[in-house]
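Trainee: Handing over start-v7.csv, CSV, C-alpha atoms.
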chain,number,residue,atom,x,y,z
H,1489,MET,CA,-45.6,-28.8,-18.2
H,1490,GLU,CA,-47.0,-27.1,-21.3
H,1491,ALA,CA,-46.8,-30.3,-23.4
H,1492,ILE,CA,-49.2,-32.3,-21.2
H,1493,ALA,CA,-51.3,-29.6,-19.6
H,1494,PRO,CA,-54.5,-28.4,-21.4
H,1495,GLN,CA,-54.2,-25.1,-23.3
H,1496,VAL,CA,-56.5,-22.2,-22.4
H,1497,VAL,CA,-58.5,-21.3,-25.5
H,1498,PHE,CA,-60.6,-18.3,-24.3
H,1499,TYR,CA,-62.1,-16.7,-21.2
H,1500,LEU,CA,-65.8,-16.9,-20.4
H,1501,PHE,CA,-66.9,-14.4,-17.7
H,1502,GLY,CA,-63.3,-14.5,-16.4
H,1503,LEU,CA,-63.2,-18.3,-16.3
H,1504,PRO,CA,-60.4,-19.9,-18.3
H,1505,ILE,CA,-61.9,-22.4,-20.9
H,1506,THR,CA,-59.4,-25.1,-21.9
H,1507,ASP,CA,-59.4,-27.1,-25.2
H,1508,THR,CA,-60.6,-30.3,-23.4
H,1509,VAL,CA,-63.7,-28.4,-22.2
H,1510,VAL,CA,-64.5,-27.3,-25.7
H,1511,SER,CA,-64.0,-30.9,-26.9
H,1512,THR,CA,-66.4,-32.1,-24.2
H,1513,TRP,CA,-69.0,-29.7,-25.4
H,1514,VAL,CA,-68.6,-30.8,-29.0
H,1515,MET,CA,-68.8,-34.4,-27.8
H,1516,MET,CA,-72.0,-33.8,-25.8
H,1517,ALA,CA,-73.6,-32.2,-28.8
H,1518,LEU,CA,-72.6,-35.2,-31.0
H,1519,LEU,CA,-74.0,-37.6,-28.4
H,1520,ILE,CA,-77.3,-35.8,-28.0
H,1521,ILE,CA,-77.8,-35.5,-31.8
H,1522,ALA,CA,-76.9,-39.2,-32.3
H,1523,ALA,CA,-79.4,-40.1,-29.6
H,1524,PHE,CA,-82.2,-38.2,-31.3
H,1525,LEU,CA,-81.3,-39.6,-34.7
H,1526,ILE,CA,-81.1,-43.2,-33.4
H,1527,LYS,CA,-84.5,-42.7,-31.6
H,1528,LYS,CA,-86.1,-41.5,-34.8
H,1529,TYR,CA,-84.6,-43.6,-37.5
H,1530,ALA,CA,-83.1,-46.8,-35.9
H,1531,PRO,CA,-84.6,-47.7,-32.6
H,1532,HIS,CA,-83.4,-51.2,-32.8
H,1533,ALA,CA,-79.8,-50.0,-32.9
H,1534,GLY,CA,-80.4,-48.2,-29.6
H,1535,GLU,CA,-81.9,-51.3,-28.1
H,1536,PHE,CA,-78.9,-53.2,-29.2
H,1537,ILE,CA,-76.5,-50.7,-27.5
H,1538,ILE,CA,-78.6,-50.8,-24.2
H,1539,GLU,CA,-78.6,-54.6,-24.3
H,1540,MET,CA,-74.8,-54.7,-24.7
H,1541,ILE,CA,-74.3,-52.3,-21.7
H,1542,ASN,CA,-76.8,-54.3,-19.7
H,1543,SER,CA,-74.9,-57.6,-20.4
H,1544,ILE,CA,-71.6,-56.0,-19.4
H,1545,VAL,CA,-72.9,-54.6,-16.2
H,1546,SER,CA,-74.9,-57.8,-15.2
H,1547,SER,CA,-71.8,-60.0,-15.8
H,1548,VAL,CA,-70.3,-58.6,-12.6
H,1549,MET,CA,-73.4,-58.0,-10.5
H,1550,PRO,CA,-74.9,-60.6,-8.2
H,1551,GLU,CA,-77.8,-62.5,-9.8
H,1552,ASP,CA,-80.7,-61.3,-7.6
H,1553,VAL,CA,-80.1,-57.6,-8.3
H,1554,ARG,CA,-82.2,-55.6,-10.7
H,1555,VAL,CA,-79.5,-54.2,-13.0
H,1556,ILE,CA,-81.8,-51.8,-14.9
H,1557,GLN,CA,-81.8,-49.3,-11.9
H,1558,PHE,CA,-78.0,-48.6,-12.4
H,1559,LEU,CA,-78.1,-48.4,-16.2
H,1560,PRO,CA,-78.8,-44.6,-16.4
H,1561,PHE,CA,-75.6,-43.9,-14.5
H,1562,LEU,CA,-73.3,-46.7,-15.8
H,1563,GLY,CA,-74.6,-46.5,-19.4
H,1564,THR,CA,-73.9,-42.8,-19.6
H,1565,LEU,CA,-70.5,-43.3,-18.1
H,1566,ALA,CA,-69.8,-46.0,-20.7
H,1567,LEU,CA,-71.0,-44.0,-23.7
H,1568,PHE,CA,-69.1,-40.9,-22.5
H,1569,LEU,CA,-65.9,-42.8,-22.1
H,1570,LEU,CA,-66.2,-44.7,-25.3
H,1571,LEU,CA,-66.4,-41.5,-27.3
H,1572,GLY,CA,-64.1,-39.5,-25.1
H,1573,ASN,CA,-61.2,-41.9,-25.1
H,1574,ILE,CA,-61.0,-42.0,-28.9
H,1575,PHE,CA,-62.0,-38.4,-29.5
H,1576,SER,CA,-58.5,-37.2,-30.5
H,1577,ILE,CA,-58.8,-39.0,-33.9
H,1578,PHE,CA,-61.2,-36.2,-35.0
H,1579,PRO,CA,-59.3,-33.2,-36.4
H,1580,LEU,CA,-58.8,-30.2,-34.2
H,1581,MET,CA,-60.1,-32.1,-31.1
H,1582,VAL,CA,-58.3,-33.5,-28.1
H,1583,SER,CA,-59.5,-36.3,-25.8
H,1584,PRO,CA,-61.5,-34.9,-22.9
H,1585,THR,CA,-60.1,-37.7,-20.7
H,1586,ALA,CA,-56.5,-36.7,-21.4
H,1587,ASN,CA,-57.1,-34.0,-18.8
H,1588,ILE,CA,-56.8,-35.2,-15.2
H,1589,ASN,CA,-59.6,-32.9,-14.0
H,1590,THR,CA,-62.1,-34.8,-16.2
H,1591,THR,CA,-61.1,-38.2,-15.0
H,1592,PHE,CA,-61.1,-37.0,-11.4
H,1593,ALA,CA,-64.6,-35.7,-11.8
H,1594,LEU,CA,-65.7,-39.1,-13.3
H,1595,SER,CA,-64.2,-41.1,-10.5
H,1596,ALA,CA,-65.6,-38.7,-7.8
H,1597,LEU,CA,-69.0,-39.4,-9.4
H,1598,VAL,CA,-68.3,-43.2,-9.0
H,1599,PHE,CA,-67.2,-42.6,-5.4
H,1600,PHE,CA,-70.4,-40.8,-4.5
H,1601,ALA,CA,-72.6,-43.1,-6.5
H,1602,VAL,CA,-71.3,-46.2,-4.6
H,1603,HIS,CA,-72.2,-44.7,-1.3
H,1604,PHE,CA,-75.6,-43.4,-2.6
H,1605,TYR,CA,-76.6,-46.9,-3.9
H,1606,GLY,CA,-75.3,-48.6,-0.8
H,1607,ILE,CA,-77.3,-46.3,1.6
H,1608,ARG,CA,-80.4,-46.5,-0.6
H,1609,GLU,CA,-80.2,-50.3,-0.5
H,1610,LYS,CA,-79.5,-50.9,3.2
H,1611,GLY,CA,-80.3,-47.6,5.0
H,1612,LEU,CA,-77.7,-45.3,6.5
H,1613,TRP,CA,-77.1,-47.2,9.7
H,1614,GLY,CA,-77.2,-50.6,8.0
H,1615,TYR,CA,-74.6,-49.5,5.5
H,1616,ILE,CA,-72.2,-48.2,8.1
H,1617,LYS,CA,-72.7,-51.3,10.2
H,1618,ASP,CA,-72.1,-53.5,7.2
H,1619,THR,CA,-68.9,-51.6,6.3
H,1620,ALA,CA,-67.5,-51.8,9.8
H,1621,THR,CA,-68.0,-55.5,10.6
H,1622,PRO,CA,-65.6,-56.4,12.3
H,1623,ILE,CA,-64.7,-53.0,13.6
H,1624,PHE,CA,-61.0,-53.0,12.8
H,1625,VAL,CA,-61.6,-53.2,9.0
H,1626,PHE,CA,-63.3,-49.8,9.1
H,1627,PRO,CA,-60.1,-47.7,8.6
H,1628,LEU,CA,-58.8,-50.2,6.0
H,1629,GLU,CA,-62.2,-49.8,4.2
H,1630,ILE,CA,-61.8,-46.0,4.1
H,1631,ILE,CA,-58.3,-46.2,2.8
H,1632,SER,CA,-59.4,-48.7,0.1
H,1633,GLN,CA,-62.3,-46.4,-1.0
H,1634,LEU,CA,-59.9,-43.4,-1.4
H,1635,SER,CA,-57.1,-45.4,-3.1
H,1636,ARG,CA,-59.4,-46.9,-5.6
H,1637,THR,CA,-60.8,-43.5,-6.5
H,1638,LEU,CA,-57.2,-42.3,-7.1
H,1639,SER,CA,-56.3,-45.4,-9.1
H,1640,LEU,CA,-59.4,-45.0,-11.3
H,1641,THR,CA,-58.4,-41.4,-12.0
H,1642,ILE,CA,-54.8,-42.0,-12.8
H,1643,ARG,CA,-55.4,-45.2,-14.8
H,1644,LEU,CA,-57.7,-43.6,-17.3
H,1645,PHE,CA,-55.7,-40.4,-17.5
H,1646,GLY,CA,-52.4,-42.1,-18.0
H,1647,ASN,CA,-53.6,-44.6,-20.6
H,1648,VAL,CA,-55.4,-41.9,-22.8
H,1649,LEU,CA,-52.6,-39.3,-22.4
H,1650,SER,CA,-49.8,-41.8,-23.1
H,1651,THR,CA,-51.3,-43.1,-26.3
H,1652,ASP,CA,-52.0,-39.5,-27.5
H,1653,LEU,CA,-48.5,-38.5,-26.6
H,1654,VAL,CA,-46.9,-41.4,-28.5
H,1655,VAL,CA,-49.0,-40.6,-31.6
H,1656,ALA,CA,-48.0,-36.9,-31.3
H,1657,ILE,CA,-44.2,-37.7,-30.9
H,1658,ILE,CA,-44.2,-40.1,-33.9
H,1659,PHE,CA,-46.2,-37.6,-35.9
H,1660,SER,CA,-43.5,-34.9,-35.2
H,1661,LEU,CA,-40.8,-37.3,-36.5
H,1662,ILE,CA,-42.6,-38.9,-39.5
H,1663,PRO,CA,-45.9,-37.2,-40.4
H,1664,PHE,CA,-46.9,-39.8,-43.0
H,1665,ILE,CA,-48.7,-43.2,-42.6
H,1666,VAL,CA,-46.4,-44.3,-39.8
H,1667,PRO,CA,-48.5,-42.8,-36.9
H,1668,LEU,CA,-51.7,-44.6,-38.2
H,1669,PRO,CA,-51.1,-48.0,-36.5
H,1670,LEU,CA,-50.3,-46.3,-33.3
H,1671,ALA,CA,-53.5,-44.3,-33.6
H,1672,ALA,CA,-55.3,-47.6,-34.1
H,1673,LEU,CA,-53.6,-49.0,-31.0
H,1674,GLY,CA,-54.7,-45.9,-29.1
H,1675,MET,CA,-58.3,-46.4,-30.2
H,1676,LEU,CA,-58.1,-50.1,-29.0
H,1677,THR,CA,-56.7,-49.0,-25.6
H,1678,GLY,CA,-59.4,-46.3,-25.3
H,1679,VAL,CA,-62.3,-48.7,-25.9
H,1680,LEU,CA,-60.7,-51.2,-23.5
H,1681,GLN,CA,-60.3,-48.6,-20.8
H,1682,ALA,CA,-63.9,-47.5,-21.3
H,1683,TYR,CA,-65.0,-51.1,-20.7
H,1684,ILE,CA,-62.7,-51.5,-17.7
H,1685,PHE,CA,-63.9,-48.3,-16.1
H,1686,THR,CA,-67.5,-49.3,-16.5
H,1687,VAL,CA,-66.9,-52.8,-15.2
H,1688,LEU,CA,-64.9,-51.5,-12.2
H,1689,ALA,CA,-67.6,-49.0,-11.3
H,1690,SER,CA,-70.3,-51.7,-11.4
H,1691,LEU,CA,-68.0,-54.0,-9.3
H,1692,TYR,CA,-67.7,-51.3,-6.6
H,1693,ILE,CA,-71.5,-50.7,-6.7
H,1694,ALA,CA,-72.0,-54.4,-6.4
H,1695,SER,CA,-69.7,-54.7,-3.4
H,1696,ALA,CA,-71.6,-51.8,-1.8
H,1697,ILE,CA,-75.1,-53.2,-2.2
H,1698,GLU,CA,-74.4,-56.9,-1.7
H,1699,ILE,CA,-75.7,-58.3,1.6
H,1700,ALA,CA,-73.6,-61.0,3.3
H,1701,ASP,CA,-75.1,-64.5,3.3
H,1702,VAL,CA,-75.3,-64.6,7.1
H,1703,GLU,CA,-77.2,-61.3,7.2
H,1704,LYS,CA,-79.5,-62.6,4.5
H,1705,GLU,CA,-80.3,-65.7,6.5
H,1706,ARG,CA,-80.9,-63.6,9.6
H,1707,ARG,CA,-83.3,-61.3,7.8
H,1708,GLN,CA,-85.2,-64.3,6.4
H,1709,MET,CA,-85.6,-65.8,9.8
H,1710,LYS,CA,-86.8,-62.5,11.2
H,1711,GLN,CA,-89.4,-62.3,8.4
H,1712,GLU,CA,-90.6,-65.9,9.1
H,1713,LEU,CA,-90.9,-65.1,12.8
H,1714,LYS,CA,-92.9,-62.1,12.0
H,1715,GLU,CA,-95.3,-64.0,9.8
H,1716,SER,CA,-95.8,-66.9,12.1
O,1123,MET,CA,-13.8,-30.6,-20.4
O,1124,TRP,CA,-17.0,-28.5,-20.7
O,1125,GLN,CA,-18.2,-26.4,-17.9
O,1126,LEU,CA,-21.8,-27.5,-17.1
O,1127,ASP,CA,-24.0,-25.2,-15.1
O,1128,SER,CA,-26.2,-26.7,-12.4
O,1129,GLY,CA,-29.4,-26.4,-14.5
O,1130,THR,CA,-27.9,-28.7,-17.2
O,1131,ILE,CA,-26.7,-31.1,-14.6
O,1132,ILE,CA,-30.1,-31.4,-13.0
O,1133,THR,CA,-31.8,-31.9,-16.4
O,1134,LEU,CA,-29.2,-34.5,-17.4
O,1135,ILE,CA,-29.6,-36.5,-14.1
O,1136,THR,CA,-33.4,-36.1,-14.4
O,1137,ILE,CA,-33.5,-37.6,-17.9
O,1138,MET,CA,-31.2,-40.5,-16.9
O,1139,PHE,CA,-33.3,-41.4,-14.0
O,1140,ALA,CA,-36.6,-40.9,-15.9
O,1141,VAL,CA,-35.4,-43.4,-18.6
O,1142,ALA,CA,-34.3,-45.9,-15.9
O,1143,GLY,CA,-37.6,-45.5,-14.2
O,1144,ILE,CA,-39.8,-46.0,-17.2
O,1145,VAL,CA,-37.7,-49.0,-18.3
O,1146,LEU,CA,-37.9,-50.8,-15.0
O,1147,GLY,CA,-41.5,-49.7,-14.5
O,1148,SER,CA,-42.7,-51.2,-17.8
O,1149,ILE,CA,-40.6,-54.4,-17.9
O,1150,VAL,CA,-41.9,-55.8,-14.6
O,1151,PRO,CA,-45.6,-55.3,-15.2
O,1152,ALA,CA,-45.3,-56.6,-18.8
O,1153,LEU,CA,-43.6,-59.8,-17.5
O,1154,MET,CA,-46.3,-60.3,-14.9
O,1155,GLU,CA,-49.1,-59.6,-17.3
O,1156,GLY,CA,-47.6,-62.2,-19.7
O,1157,LYS,CA,-47.8,-64.6,-16.8
O,1158,ALA,CA,-51.4,-63.8,-16.1
O,1159,VAL,CA,-52.4,-64.2,-19.8
O,1160,GLN,CA,-50.5,-67.5,-20.0
O,1161,LYS,CA,-52.3,-68.9,-17.0
O,1162,ALA,CA,-55.7,-67.7,-18.3
O,1163,LEU,CA,-55.1,-69.2,-21.8
O,1164,GLU,CA,-54.2,-72.5,-20.2
O,1165,GLY,CA,-57.4,-72.4,-18.2
O,1166,MET,CA,-59.4,-71.6,-21.3
O,1167,THR,CA,-58.0,-74.5,-23.4
O,1168,ARG,CA,-58.6,-76.8,-20.5
O,1169,GLN,CA,-62.1,-75.7,-19.9
O,1170,PRO,CA,-63.7,-73.9,-22.9
O,1171,ASP,CA,-67.0,-73.6,-21.0
O,1172,ALA,CA,-65.5,-71.1,-18.5
O,1173,ALA,CA,-63.9,-69.0,-21.2
O,1174,GLY,CA,-66.4,-66.1,-20.8
O,1175,ASP,CA,-65.8,-65.8,-17.0
O,1176,LEU,CA,-62.1,-66.1,-17.4
O,1177,ARG,CA,-62.0,-63.4,-20.1
O,1178,THR,CA,-63.9,-60.9,-17.8
O,1179,THR,CA,-61.6,-61.6,-14.8
O,1180,LEU,CA,-58.5,-61.5,-17.1
O,1181,LEU,CA,-59.4,-58.0,-18.4
O,1182,ILE,CA,-60.1,-56.6,-15.0
O,1183,SER,CA,-56.9,-58.0,-13.5
O,1184,MET,CA,-54.9,-56.8,-16.5
O,1185,ALA,CA,-56.2,-53.3,-15.9
O,1186,LEU,CA,-55.2,-53.5,-12.3
O,1187,LEU,CA,-51.7,-54.8,-13.2
O,1188,GLU,CA,-51.4,-52.2,-16.0
O,1189,SER,CA,-52.0,-49.3,-13.6
O,1190,THR,CA,-48.6,-49.8,-11.9
O,1191,ALA,CA,-46.9,-49.2,-15.2
O,1192,ILE,CA,-49.1,-46.1,-15.6
O,1193,TYR,CA,-48.1,-44.8,-12.2
O,1194,SER,CA,-44.4,-45.0,-13.1
O,1195,LEU,CA,-45.3,-43.3,-16.5
O,1196,LEU,CA,-47.0,-40.5,-14.6
O,1197,VAL,CA,-44.0,-40.0,-12.3
O,1198,VAL,CA,-41.7,-39.9,-15.3
O,1199,LEU,CA,-43.9,-37.4,-17.1
O,1200,ILE,CA,-43.9,-35.1,-14.0
O,1201,LEU,CA,-40.1,-35.5,-13.8
O,1202,ILE,CA,-39.6,-34.5,-17.4
O,1203,PHE,CA,-42.3,-31.9,-18.0
O,1204,GLY,CA,-42.9,-30.4,-14.6
O,1205,ASN,CA,-39.6,-30.9,-12.7
O,1206,PRO,CA,-40.0,-29.4,-9.2
O,1207,LEU,CA,-36.2,-29.1,-8.7
O,1208,LEU,CA,-35.8,-26.8,-11.7
O,1209,ASP,CA,-38.6,-24.5,-10.4
O,1210,ARG,CA,-37.1,-24.5,-7.0
O,1211,PHE,CA,-33.6,-23.5,-8.0
O,1212,PHE,CA,-34.4,-21.3,-11.0
O,1213,GLY,CA,-38.0,-20.4,-10.6
Could you write out this structure as structure tokens?

Mentor:
Amino acid sequence: MEAIAPQVVFYLFGLPITDTVVSTWVMMALLIIAAFLIKKYAPHAGEFIIEMINSIVSSVMPEDVRVIQFLPFLGTLALFLLLGNIFSIFPLMVSPTANINTTFALSALVFFAVHFYGIREKGLWGYIKDTATPIFVFPLEIISQLSRTLSLTIRLFGNVLSTDLVVAIIFSLIPFIVPLPLAALGMLTGVLQAYIFTVLASLYIASAIEIADVEKERRQMKQELKES
Amino acid sequence: MWQLDSGTIITLITIMFAVAGIVLGSIVPALMEGKAVQKALEGMTRQPDAAGDLRTTLLISMALLESTAIYSLLVVLILIFGNPLLDRFFG
């Protein structure tokens, strides 16, 4: 298990600090510094990045939803994963997402965010009623919520860890030029997985906030009745 | 004939089955992903206007298909690096 489990670097107040946690701190510092630099020197580049994330998210959301309200969460997720999946190309660093605890924390965030946005959109009772219509899909819905959290966790972890492991194994055999194409393939996989994680998170949020057509018509009729 | 102790036998069997598992678990998803890409490419050449929608759907479904291969990789990694049988008999 030593080969794939994170190594403990030092102890802070009795808590073991692993190398992935140290990498995450370095990455957070890099992201914050980059954000300040972009804000000061190249604000158009920041606009371009936000516009890109906006177009990714709005490609899977329904048309009549204001996408900008989800961007703080989904954009942070996208930037974190984009840097975190390819972070092992920096010397002395490991990818934070090659640790299953990190990916589980991220998908738990997605799990709670889906319910938060759903309840904020429809109200607590409306959200439960929408989930449990007809009543026999309610257990299936719960199972699908849990299983997709698990699959988000394991997909990201497995992809990042497997490409890192392949590079490490080839490096131990031929430590010269040969691992480079595999490292490039790992970067491609990492960027693709960041995209897919973001798109899947916005798909789940979209399925939680979307109102069925029948329900929409009923609400419209109620509104018209109230006005007349 | 060599005398093998039980730890070696367990390790040998584990490695054999891990290799068989990763081979089967990567062949089948790869074939099916190829099928999905083929169909998507056919659709793109037939209707270039819908290429953007098709690409998004293709990437999402490829990720969902890919995760089955990743699950088998995870099982194989657990078998090789954290074998529960070895801990149980020799822990």

Trainee: When the cut-off is 7 Å and we count all atoms listed in the file, which residues of chain H are near chain O, given as a list in words?

Mentor: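 That gives Met1489, Arg1643, Gly1646, Asn1647 and Ile1684 of chain H for chain H.
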
Trainee: Closest to Thr1506 in chain H among H:Ser1632, H:Thr1641, H:Asn1587, H:Thr1621, using only C-alpha atoms?

Mentor: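 So, comparing all the options, the nearest one is H:Asn1587.
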
Trainee: What is the CA of Met1516 in chain H-CA of Gly1674 in chain H distance in Å, reported with one decimal?

Mentor: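 Calculated distance between CA of Met1516 in chain H and CA of Gly1674 in chain H is 21.4 Å.
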
Trainee: Considering only C-alpha atoms, state which residue in the set H:Leu1565, H:Leu1649, H:Met1581, H:Leu1680 is at the smallest distance from Ala1593 in chain H.

Mentor: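 Under the stated criterion, the closest residue is H:Leu1565.
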
Trainee: Which distance in Å separates CA of Asp1652 in chain H and CA of Leu1670 in chain H, to one decimal?

Mentor: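 According to the coordinates, CA of Asp1652 in chain H and CA of Leu1670 in chain H are separated by 9.1 Å.
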
Trainee: What is the CA of Ile1662 in chain H to CA of Ile1144 in chain O distance in Å?

Mentor: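 Going from CA of Ile1662 in chain H over to CA of Ile1144 in chain O covers 23.6 Å.
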
Trainee: What lies within 12 Å of Leu1638 in chain H using only C-alpha atoms, ignoring chain neighbours under 4 positions off, as a PyMOL selection string?

Mentor: (chain H and resi 1588-1589+1591-1596+1598-1599+1631-1634+1642-1646) or (chain O and resi 1189+1193)

Trainee: Neighbouring residues of Ala1672 in chain H were defined as those with any atom within 10 Å, considering only C-alpha atoms; residues of the same chain fewer than 5 positions away were excluded. Please report them as a count of residues only.

Mentor: 7

Trainee: Which is closest to Leu1207 in chain O among O:Val1141, O:Met1166, O:Ile1132, O:Leu1180, if we use all atoms listed in the file?

Mentor: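 Once distances to Leu1207 in chain O are computed over all atoms listed in the file, the minimum belongs to O:Ile1132.
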
Trainee: For range 1130-1210 of chain O in the structure I just supplied, write out C-alpha atoms - as a CSV table (one decimal), in the first residue's frame.

Mentor:
chain,number,residue,atom,x,y,z
O,1130,THR,CA,4.3,-17.1,-2.3
O,1131,ILE,CA,1.4,-19.1,-3.6
O,1132,ILE,CA,-1.1,-16.4,-2.6
O,1133,THR,CA,1.1,-13.6,-4.2
O,1134,LEU,CA,1.4,-15.7,-7.4
O,1135,ILE,CA,-2.3,-16.3,-7.7
O,1136,THR,CA,-3.1,-12.7,-6.9
O,1137,ILE,CA,-0.8,-11.4,-9.6
O,1138,MET,CA,-2.2,-13.9,-12.2
O,1139,PHE,CA,-5.8,-12.8,-11.5
O,1140,ALA,CA,-4.9,-9.1,-11.3
O,1141,VAL,CA,-3.4,-9.3,-14.8
O,1142,ALA,CA,-6.4,-11.2,-16.1
O,1143,GLY,CA,-8.7,-8.7,-14.5
O,1144,ILE,CA,-7.0,-5.6,-15.9
O,1145,VAL,CA,-6.8,-7.2,-19.4
O,1146,LEU,CA,-10.5,-8.0,-19.5
O,1147,GLY,CA,-11.5,-4.8,-17.7
O,1148,SER,CA,-9.7,-2.6,-20.2
O,1149,ILE,CA,-10.5,-4.5,-23.4
O,1150,VAL,CA,-14.3,-4.3,-23.1
O,1151,PRO,CA,-14.6,-0.6,-22.3
O,1152,ALA,CA,-12.1,0.2,-25.0
O,1153,LEU,CA,-14.1,-1.7,-27.6
O,1154,MET,CA,-17.3,0.0,-26.5
O,1155,GLU,CA,-15.8,3.4,-26.4
O,1156,GLY,CA,-14.6,2.9,-30.0
O,1157,LYS,CA,-18.1,2.1,-31.0
O,1158,ALA,CA,-19.4,5.3,-29.4
O,1159,VAL,CA,-16.7,7.4,-31.1
O,1160,GLN,CA,-17.5,5.7,-34.4
O,1161,LYS,CA,-21.2,6.5,-34.1
O,1162,ALA,CA,-20.5,10.1,-33.0
O,1163,LEU,CA,-18.1,10.7,-36.0
O,1164,GLU,CA,-20.7,9.3,-38.4
O,1165,GLY,CA,-23.3,11.7,-36.9
O,1166,MET,CA,-20.8,14.6,-37.1
O,1167,THR,CA,-20.0,14.0,-40.8
O,1168,ARG,CA,-23.7,13.7,-41.6
O,1169,GLN,CA,-24.7,16.8,-39.7
O,1170,PRO,CA,-21.8,19.2,-39.2
O,1171,ASP,CA,-24.2,21.7,-37.6
O,1172,ALA,CA,-24.7,19.5,-34.6
O,1173,ALA,CA,-21.0,18.8,-34.0
O,1174,GLY,CA,-20.8,21.0,-30.9
O,1175,ASP,CA,-23.7,19.2,-29.1
O,1176,LEU,CA,-22.4,15.8,-30.2
O,1177,ARG,CA,-18.9,16.6,-28.9
O,1178,THR,CA,-20.2,17.5,-25.4
O,1179,THR,CA,-22.4,14.4,-25.2
O,1180,LEU,CA,-19.6,12.3,-26.5
O,1181,LEU,CA,-17.1,13.5,-23.9
O,1182,ILE,CA,-19.6,13.0,-21.0
O,1183,SER,CA,-20.5,9.5,-22.1
O,1184,MET,CA,-16.9,8.6,-22.7
O,1185,ALA,CA,-16.2,9.6,-19.1
O,1186,LEU,CA,-19.0,7.4,-17.9
O,1187,LEU,CA,-17.8,4.5,-20.0
O,1188,GLU,CA,-14.2,5.0,-18.9
O,1189,SER,CA,-15.1,4.8,-15.2
O,1190,THR,CA,-15.8,1.0,-15.5
O,1191,ALA,CA,-12.2,0.5,-16.6
O,1192,ILE,CA,-11.1,2.7,-13.8
O,1193,TYR,CA,-13.1,0.6,-11.3
O,1194,SER,CA,-11.3,-2.6,-12.4
O,1195,LEU,CA,-7.9,-0.7,-12.2
O,1196,LEU,CA,-8.8,0.2,-8.6
O,1197,VAL,CA,-9.6,-3.4,-7.7
O,1198,VAL,CA,-6.4,-4.5,-9.3
O,1199,LEU,CA,-4.4,-1.9,-7.4
O,1200,ILE,CA,-5.9,-2.9,-4.1
O,1201,LEU,CA,-5.2,-6.6,-4.9
O,1202,ILE,CA,-1.5,-5.9,-5.7
O,1203,PHE,CA,-0.6,-3.2,-3.2
O,1204,GLY,CA,-3.0,-3.8,-0.3
O,1205,ASN,CA,-3.9,-7.5,-0.5
O,1206,PRO,CA,-6.3,-8.3,2.3
O,1207,LEU,CA,-5.4,-12.0,2.3
O,1208,LEU,CA,-1.8,-11.5,3.0
O,1209,ASP,CA,-2.6,-9.3,6.0
O,1210,ARG,CA,-5.0,-11.8,7.3
